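Written out below as structure tokens is the structure these notes cover.
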Amino acid sequence: METLIYSELPYDLAGFHMHTYRLKGASGKVARQAFGLAERTLVGSSAECDLVIDDETIAPRHAEILVNPEGVMELVSLVGGFVTHLNGAPVTRARLCSGDEIRLGNCRWVLQAPGLRPDKVLSAAALKQRRNHLPWLLLGAVLAAAALAWQRGWIVV
């Protein structure tokens, strides 16, 4: 799994191109919506948050996504009573990787980090080019149909 470490990214870090990273809404009130990330993104139901979600299952200041001093992107749960999940497991603080699933209350996102391949989604087996058998199946079906038609006398040679 590739952890997002900014010293390894092919971007100019002086300008800190966090806008290229985003949360893609997968379910709940955030479904089919994309949210760009900043160096520190506060998520909650309060108007002071960077990402405001109007949902009773989300605390006013529920969680934040930030870059720690080592340059690694992390998810931090800010409240007790409201659960923050990362890839289905409850967390209080965890490193983020491309393709991770984040769930707060009834809302679920997938972290999209352009340029980084999420290992669990795009494994080497998934990237391996598959042989296309459809042309051979079609050719076999045409030959079988022609042989059957010739046998029944529908085709005269």
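Convention: chains lettered A, B, ... in structure tokens order; per-chain residue numbering from 1; ligands numbered from 1 as shown.
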>> Can you pull out the residues contacting A:Gly28? Cut-off 9 Å, using only C-alpha atoms, and skip same-chain residues under 2 positions away; I want them as a PyMOL selection string.
In response: chain A and resi 25-26+30-31+105-108
Mind dumping the selected residues with N, CA, C and O atoms as a PDB file, in the first residue's frame?
ATOM      1  N   GLY A  25     -17.165  11.555  -2.951  1.00  0.00           N
ATOM      2  CA  GLY A  25     -18.302  11.048  -2.191  1.00  0.00           C
ATOM      3  C   GLY A  25     -18.839   9.756  -2.779  1.00  0.00           C
ATOM      4  O   GLY A  25     -19.088   9.666  -3.973  1.00  0.00           O
ATOM      5  N   ALA A  26     -19.005   8.743  -1.920  1.00  0.00           N
ATOM      6  CA  ALA A  26     -19.462   7.436  -2.375  1.00  0.00           C
ATOM      7  C   ALA A  26     -20.861   7.095  -1.868  1.00  0.00           C
ATOM      8  O   ALA A  26     -21.563   6.316  -2.506  1.00  0.00           O
ATOM      9  N   VAL A  30     -23.122  12.998   0.569  1.00  0.00           N
ATOM     10  CA  VAL A  30     -21.974  13.431  -0.229  1.00  0.00           C
ATOM     11  C   VAL A  30     -21.794  12.609  -1.501  1.00  0.00           C
ATOM     12  O   VAL A  30     -20.840  12.807  -2.239  1.00  0.00           O
ATOM     13  N   ALA A  31     -22.712  11.699  -1.774  1.00  0.00           N
ATOM     14  CA  ALA A  31     -22.582  10.812  -2.939  1.00  0.00           C
ATOM     15  C   ALA A  31     -22.431  11.613  -4.224  1.00  0.00           C
ATOM     16  O   ALA A  31     -23.086  12.631  -4.425  1.00  0.00           O
ATOM     17  N   GLY A 105     -20.158   9.070  10.064  1.00  0.00           N
ATOM     18  CA  GLY A 105     -21.609   8.954  10.146  1.00  0.00           C
ATOM     19  C   GLY A 105     -22.151   8.154   8.975  1.00  0.00           C
ATOM     20  O   GLY A 105     -21.690   7.054   8.695  1.00  0.00           O
ATOM     21  N   ASN A 106     -23.111   8.733   8.254  1.00  0.00           N
ATOM     22  CA  ASN A 106     -23.720   8.067   7.099  1.00  0.00           C
ATOM     23  C   ASN A 106     -23.050   8.442   5.778  1.00  0.00           C
ATOM     24  O   ASN A 106     -23.545   8.081   4.720  1.00  0.00           O
ATOM     25  N   CYS A 107     -21.954   9.168   5.839  1.00  0.00           N
ATOM     26  CA  CYS A 107     -21.280   9.633   4.626  1.00  0.00           C
ATOM     27  C   CYS A 107     -19.977   8.870   4.415  1.00  0.00           C
ATOM     28  O   CYS A 107     -19.231   8.628   5.359  1.00  0.00           O
ATOM     29  N   ARG A 108     -19.726   8.520   3.161  1.00  0.00           N
ATOM     30  CA  ARG A 108     -18.544   7.733   2.821  1.00  0.00           C
ATOM     31  C   ARG A 108     -17.841   8.369   1.636  1.00  0.00           C
ATOM     32  O   ARG A 108     -18.477   8.788   0.674  1.00  0.00           O
TER      33      ARG A 108
END
>> Could you list, as a list in words, every residue within 7 Å of stretch 50-64 of chain A, counting only C-alpha atoms and ignoring same-chain residues fewer than 3 positions away?
In response: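 Selected residues are Arg40, Thr41, Leu42, Val43, Gly44, Ser45, Ser46, Ala47, Leu75, Val76, Ser77, Leu78, Val79, Phe82, Leu104, Gly105 and Asn106 of chain A.
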Same residues, N, CA and C atoms, output as a PDB file, in the first residue's frame:
ATOM      1  N   ARG A  40      -4.637  21.222   5.525  1.00  0.00           N
ATOM      2  CA  ARG A  40      -5.427  20.807   6.684  1.00  0.00           C
ATOM      3  C   ARG A  40      -6.887  21.038   6.317  1.00  0.00           C
ATOM      4  N   THR A  41      -7.686  19.983   6.327  1.00  0.00           N
ATOM      5  CA  THR A  41      -9.105  20.078   5.980  1.00  0.00           C
ATOM      6  C   THR A  41      -9.932  19.590   7.161  1.00  0.00           C
ATOM      7  N   LEU A  42     -10.718  20.493   7.738  1.00  0.00           N
ATOM      8  CA  LEU A  42     -11.585  20.173   8.862  1.00  0.00           C
ATOM      9  C   LEU A  42     -12.950  19.751   8.320  1.00  0.00           C
ATOM     10  N   VAL A  43     -13.453  18.599   8.786  1.00  0.00           N
ATOM     11  CA  VAL A  43     -14.726  18.059   8.310  1.00  0.00           C
ATOM     12  C   VAL A  43     -15.702  17.985   9.470  1.00  0.00           C
ATOM     13  N   GLY A  44     -16.916  18.475   9.249  1.00  0.00           N
ATOM     14  CA  GLY A  44     -17.936  18.418  10.292  1.00  0.00           C
ATOM     15  C   GLY A  44     -19.214  19.092   9.841  1.00  0.00           C
ATOM     16  N   SER A  45     -20.146  19.237  10.792  1.00  0.00           N
ATOM     17  CA  SER A  45     -21.432  19.857  10.456  1.00  0.00           C
ATOM     18  C   SER A  45     -21.456  21.347  10.789  1.00  0.00           C
ATOM     19  N   SER A  46     -20.400  21.867  11.406  1.00  0.00           N
ATOM     20  CA  SER A  46     -20.319  23.275  11.767  1.00  0.00           C
ATOM     21  C   SER A  46     -19.951  24.121  10.549  1.00  0.00           C
ATOM     22  N   ALA A  47     -20.458  25.341  10.519  1.00  0.00           N
ATOM     23  CA  ALA A  47     -20.171  26.261   9.416  1.00  0.00           C
ATOM     24  C   ALA A  47     -18.698  26.665   9.378  1.00  0.00           C
ATOM     25  N   LEU A  75      -5.618  10.965   8.823  1.00  0.00           N
ATOM     26  CA  LEU A  75      -7.003  11.202   9.207  1.00  0.00           C
ATOM     27  C   LEU A  75      -7.029  11.200  10.729  1.00  0.00           C
ATOM     28  N   VAL A  76      -7.600  12.253  11.332  1.00  0.00           N
ATOM     29  CA  VAL A  76      -7.653  12.363  12.788  1.00  0.00           C
ATOM     30  C   VAL A  76      -9.102  12.570  13.202  1.00  0.00           C
ATOM     31  N   SER A  77      -9.595  11.693  14.085  1.00  0.00           N
ATOM     32  CA  SER A  77     -10.939  11.839  14.640  1.00  0.00           C
ATOM     33  C   SER A  77     -10.857  12.848  15.781  1.00  0.00           C
ATOM     34  N   LEU A  78     -11.767  13.822  15.808  1.00  0.00           N
ATOM     35  CA  LEU A  78     -11.692  14.899  16.796  1.00  0.00           C
ATOM     36  C   LEU A  78     -12.668  14.748  17.952  1.00  0.00           C
ATOM     37  N   VAL A  79     -13.583  13.807  17.875  1.00  0.00           N
ATOM     38  CA  VAL A  79     -14.611  13.677  18.912  1.00  0.00           C
ATOM     39  C   VAL A  79     -14.735  12.236  19.409  1.00  0.00           C
ATOM     40  N   PHE A  82     -18.758  10.041  18.337  1.00  0.00           N
ATOM     41  CA  PHE A  82     -18.981   9.926  16.903  1.00  0.00           C
ATOM     42  C   PHE A  82     -17.806   9.123  16.331  1.00  0.00           C
ATOM     43  N   LEU A 104     -17.647   8.875   7.823  1.00  0.00           N
ATOM     44  CA  LEU A 104     -18.056   9.656   8.985  1.00  0.00           C
ATOM     45  C   LEU A 104     -19.573   9.613   9.013  1.00  0.00           C
ATOM     46  N   GLY A 105     -20.158   9.070  10.064  1.00  0.00           N
ATOM     47  CA  GLY A 105     -21.609   8.954  10.146  1.00  0.00           C
ATOM     48  C   GLY A 105     -22.151   8.154   8.975  1.00  0.00           C
ATOM     49  N   ASN A 106     -23.111   8.733   8.254  1.00  0.00           N
ATOM     50  CA  ASN A 106     -23.720   8.067   7.099  1.00  0.00           C
ATOM     51  C   ASN A 106     -23.050   8.442   5.778  1.00  0.00           C
TER      52      ASN A 106
END
>> When you count only C-alpha atoms, which of these residues is closest to A:Ile65: A:Ala94, A:Ala147, A:Val156, A:Ala141?
In response: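 Smallest distance to A:Ile65 is found for A:Ala94.
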>> Give me, as a VMD selection string, all polymer residues having an atom no more than 7 Å from A:Asp100, counting only C-alpha atoms and skipping those fewer than 6 positions away in the same chain.
In response: chain A and resid 86 to 87 110 to 111
Kindly save the residues from that selection, with all heavy atoms included, as a PDB file, in the first residue's frame.
ATOM      1  N   LEU A  86     -11.946   4.128   8.820  1.00  0.00           N
ATOM      2  CA  LEU A  86     -11.026   4.094   7.696  1.00  0.00           C
ATOM      3  C   LEU A  86     -10.989   2.655   7.198  1.00  0.00           C
ATOM      4  O   LEU A  86     -10.637   1.748   7.962  1.00  0.00           O
ATOM      5  CB  LEU A  86      -9.626   4.563   8.110  1.00  0.00           C
ATOM      6  CG  LEU A  86      -8.574   4.536   7.001  1.00  0.00           C
ATOM      7  CD1 LEU A  86      -8.954   5.491   5.882  1.00  0.00           C
ATOM      8  CD2 LEU A  86      -7.202   4.877   7.555  1.00  0.00           C
ATOM      9  N   ASN A  87     -11.415   2.448   5.967  1.00  0.00           N
ATOM     10  CA  ASN A  87     -11.477   1.111   5.359  1.00  0.00           C
ATOM     11  C   ASN A  87     -12.257   0.126   6.232  1.00  0.00           C
ATOM     12  O   ASN A  87     -11.884  -1.022   6.403  1.00  0.00           O
ATOM     13  CB  ASN A  87     -10.069   0.583   5.071  1.00  0.00           C
ATOM     14  CG  ASN A  87      -9.337   1.467   4.100  1.00  0.00           C
ATOM     15  OD1 ASN A  87      -9.922   1.981   3.148  1.00  0.00           O
ATOM     16  ND2 ASN A  87      -8.060   1.679   4.336  1.00  0.00           N
ATOM     17  N   VAL A 110     -14.003   8.230  -0.899  1.00  0.00           N
ATOM     18  CA  VAL A 110     -12.793   7.523  -1.304  1.00  0.00           C
ATOM     19  C   VAL A 110     -11.741   8.592  -1.561  1.00  0.00           C
ATOM     20  O   VAL A 110     -12.007   9.579  -2.243  1.00  0.00           O
ATOM     21  CB  VAL A 110     -13.027   6.671  -2.568  1.00  0.00           C
ATOM     22  CG1 VAL A 110     -11.725   6.062  -3.055  1.00  0.00           C
ATOM     23  CG2 VAL A 110     -14.056   5.585  -2.292  1.00  0.00           C
ATOM     24  N   LEU A 111     -10.556   8.400  -0.978  1.00  0.00           N
ATOM     25  CA  LEU A 111      -9.467   9.345  -1.189  1.00  0.00           C
ATOM     26  C   LEU A 111      -8.857   9.106  -2.555  1.00  0.00           C
ATOM     27  O   LEU A 111      -8.417   8.002  -2.860  1.00  0.00           O
ATOM     28  CB  LEU A 111      -8.388   9.186  -0.107  1.00  0.00           C
ATOM     29  CG  LEU A 111      -7.168  10.082  -0.277  1.00  0.00           C
ATOM     30  CD1 LEU A 111      -7.541  11.550  -0.124  1.00  0.00           C
ATOM     31  CD2 LEU A 111      -6.091   9.703   0.719  1.00  0.00           C
TER      32      LEU A 111
END
>> Please report the interatomic distance between atom CA of A:Thr84 and atom CA of A:Arg103 in Å with one decimal.
In response: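 Separation between atom CA of A:Thr84 and atom CA of A:Arg103: 6.1 Å.
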> Looking at A:Cys49, A:Leu134, A:Leu66, A:Val157, which one is nearest to A:Tyr21, with distances taken over only C-alpha atoms?
Replying inline: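 Answer, going by the shortest atom-to-atom distance: A:Leu66.
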>> Set the distance at 8 Å and use only C-alpha atoms: which residues neighbour A:Ala113 once local chain neighbours fewer than 3 positions away are removed? I'd like the list as a ChimeraX atom specification.
In response: /A:20-22,98-99,116
>> Just the number, please: distance in Å from atom CA of A:Ala149 to atom CA of A:Asn132, one decimal.
In response: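 Between atom CA of A:Ala149 and atom CA of A:Asn132 the gap is 27.7 Å.
Interatomic distance, atom CA of A:Pro135 against atom CA of A:Ile155: 23.9 Å.
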>> To test your reading of the structure, identify every residue in stretch 23-127 of chain A that backbone DSSP assigns to helix (DSSP H, G or I), and report it as a ChimeraX atom specification.
In response: /A:28-30,124-127
